[in-house]
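Asks: One structure, pasted below without further comment.
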Amino acid sequence: MVHTRAQTKKMLHASISRFNDDLFTEILLRLPAASILRFKSVSKHWRLLLSQKYFTQRYDKNSKSPTGLIATDMYVPFDVENPSTPPFRCLDLCFDRCDVEIVQSCNGLLLCSTNGRKGAYKYYVFNPTTKQLALVPPVPGDPTKLSVFIKQIISIESFPASIPIIRDGVYWNGAVYWASLFDNINYWYFKIDDQQLHTLPLPLGLIPSEVVTKYLGESRGHLHLIAYKNFQGGMLRLNVYEMLSDHSGWFVKYQLQLDALPAAAFPSRIVGYVPDYEFQVMDVVRGEEEEDTFLVLETLEKIITYNFHDRSFKQIYSFTKYCSSSFYRYTETLSSF
């Protein structure tokens with residue numbers, strides 16, 4: 001087929017345009033989300049390009065490392081030397097009301113709640129990066145159930161009525177995982193594809209009646225668990241377990257000896273002549289490289305990060321007064337809903 005000069009010129013222009021878009025996309029994938037949002041206002045073509053699902057999915061896949069912790073009125077960046085910009089000053093301002101609470105976070109999105117009329121809670125999905133907000137329709141018969149988040153966000157059509165109480169659900173490998181509060185089986189997961197509820201095995205050496213769960217979470221495609229036997233020697237050694245992809249068991253991925261940390265990093269108080277360490281595990285963050293993986297701990301006085309590779313610690317926040325806020329992982333995302 002012979003093309004006219006005009007047709008050839010048009011085809012060449014289209015090829016150059018596609019090449020430029022591809023090159024432009026590769027550049028933008030490496031920029032902060034705030035820059036992407038500003039660039040959308042440059043032109044209609046840029047807005048269309050940057051709003052495409054293909055681009056947003058690639059961007060979110062490339063930027064899975066969380067940048068810090070957020071609460072309703074607080075942001076704690078992981079990198080204190082080069083802190084990232086807080087996603088908001090106060091969550092209430094984003095909702096234009098003063099009773100907003102964060103219930104959970106997942107892949108950069110927040111599940112938030114507000115107290116409605118007659119004590120009925122309303123749930124919202126909020127993207128702190130783009131400021132997109134959407135009301136989650138209530139579950140018929142029980143508008144207060146937290147399973148509303150699982151049902152609506154992950155599109156589960158039905159959920160067992162006898163499901164154990166959900167606490168801090170985690171999405172990983174096509175299923176939702178959580179630690180149960182009031183039964184002898186400690187860990188459950190609900191597979192989305194077959195709509196079935198399953199139990200998870202405990203790590204070797206732990207039995208249901210004695211286990212204490214300190215953390216359950218996901219990072220960069222890995223499911224992590226920190227648990228130990230109740231009354232176990234002062235809880236000085238923490239094992240960070242990782243789940244096998246076939247759900248057959250856990251293996252010890254990292255270890256941390258708390259009493260080996262310098263007192264400046266992790267102070268203890270003496271209770272009955274024995275050192276007592278009060279702490280909460282806030283997060284396990286896998287780095288793009290293994291040597292960048294760290295643990296986030298909250299003590300009575302501060303929040304610190306501990307690098308598993310070089311065993312270094314860093315203080316990222318100091319409490320000047322009592323803080324009752326709950327912190328959640330913050331990851332930039334361009335996801336829309």
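By order of appearance in the structure tokens: chains A, B, ..., then residues from 1 within every chain, and ligands from 1 in the order shown.
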Name the residues in contact with segment 243-256 of chain A at a cut-off of 6 Å, using only C-alpha atoms, excluding same-chain residues fewer than 5 positions from it; report them as a PDB file with N, CA, C and O atoms, in the first residue's frame.

Replies:
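The result, written out as selection_25.pdb:
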ATOM      1  N   PRO A 201      -1.623 -21.426  60.345  1.00  0.00           N
ATOM      2  CA  PRO A 201      -0.869 -22.113  61.396  1.00  0.00           C
ATOM      3  C   PRO A 201      -0.094 -21.112  62.242  1.00  0.00           C
ATOM      4  O   PRO A 201       0.221 -20.008  61.800  1.00  0.00           O
ATOM      5  N   PRO A 203       3.374 -20.045  64.355  1.00  0.00           N
ATOM      6  CA  PRO A 203       4.803 -20.358  64.259  1.00  0.00           C
ATOM      7  C   PRO A 203       5.162 -21.512  65.187  1.00  0.00           C
ATOM      8  O   PRO A 203       4.518 -21.729  66.219  1.00  0.00           O
ATOM      9  N   LEU A 223       4.124 -10.978  54.092  1.00  0.00           N
ATOM     10  CA  LEU A 223       3.288 -10.917  55.290  1.00  0.00           C
ATOM     11  C   LEU A 223       4.166 -11.198  56.512  1.00  0.00           C
ATOM     12  O   LEU A 223       4.844 -12.232  56.576  1.00  0.00           O
ATOM     13  N   ARG A 237      13.499 -10.706  73.290  1.00  0.00           N
ATOM     14  CA  ARG A 237      13.865 -11.093  71.924  1.00  0.00           C
ATOM     15  C   ARG A 237      12.621 -11.147  71.054  1.00  0.00           C
ATOM     16  O   ARG A 237      11.678 -11.883  71.347  1.00  0.00           O
ATOM     17  N   LEU A 238      12.630 -10.388  70.002  1.00  0.00           N
ATOM     18  CA  LEU A 238      11.514 -10.370  69.071  1.00  0.00           C
ATOM     19  C   LEU A 238      11.892 -11.125  67.801  1.00  0.00           C
ATOM     20  O   LEU A 238      12.917 -10.840  67.182  1.00  0.00           O
TER      21      LEU A 238
END

Asks: Quick one: residues within 12 Å of Ser336 of chain A, only C-alpha atoms, excluding same-chain residues fewer than 4 positions away - as a list in words?

Replies: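 What passes the distance filter is Ser51, Gln52, Lys53, Thr56, Gln57, Asp60, Asn107, Gly108, Leu109, Val125, Phe126, Asn127, Pro128, Thr129, Thr130, Lys131, Gln132, Leu133, Ala134 and Ile153 of chain A.
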
Asks: Atom CA of Pro87 of chain A and atom CA of His224 of chain A, how far apart in Å?

Replies: 26.3 Å

Asks: By how many Å are atom CA of Cys94 of chain A and atom CA of Ile303 of chain A apart?

Replies: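 The value is 26.1 Å.
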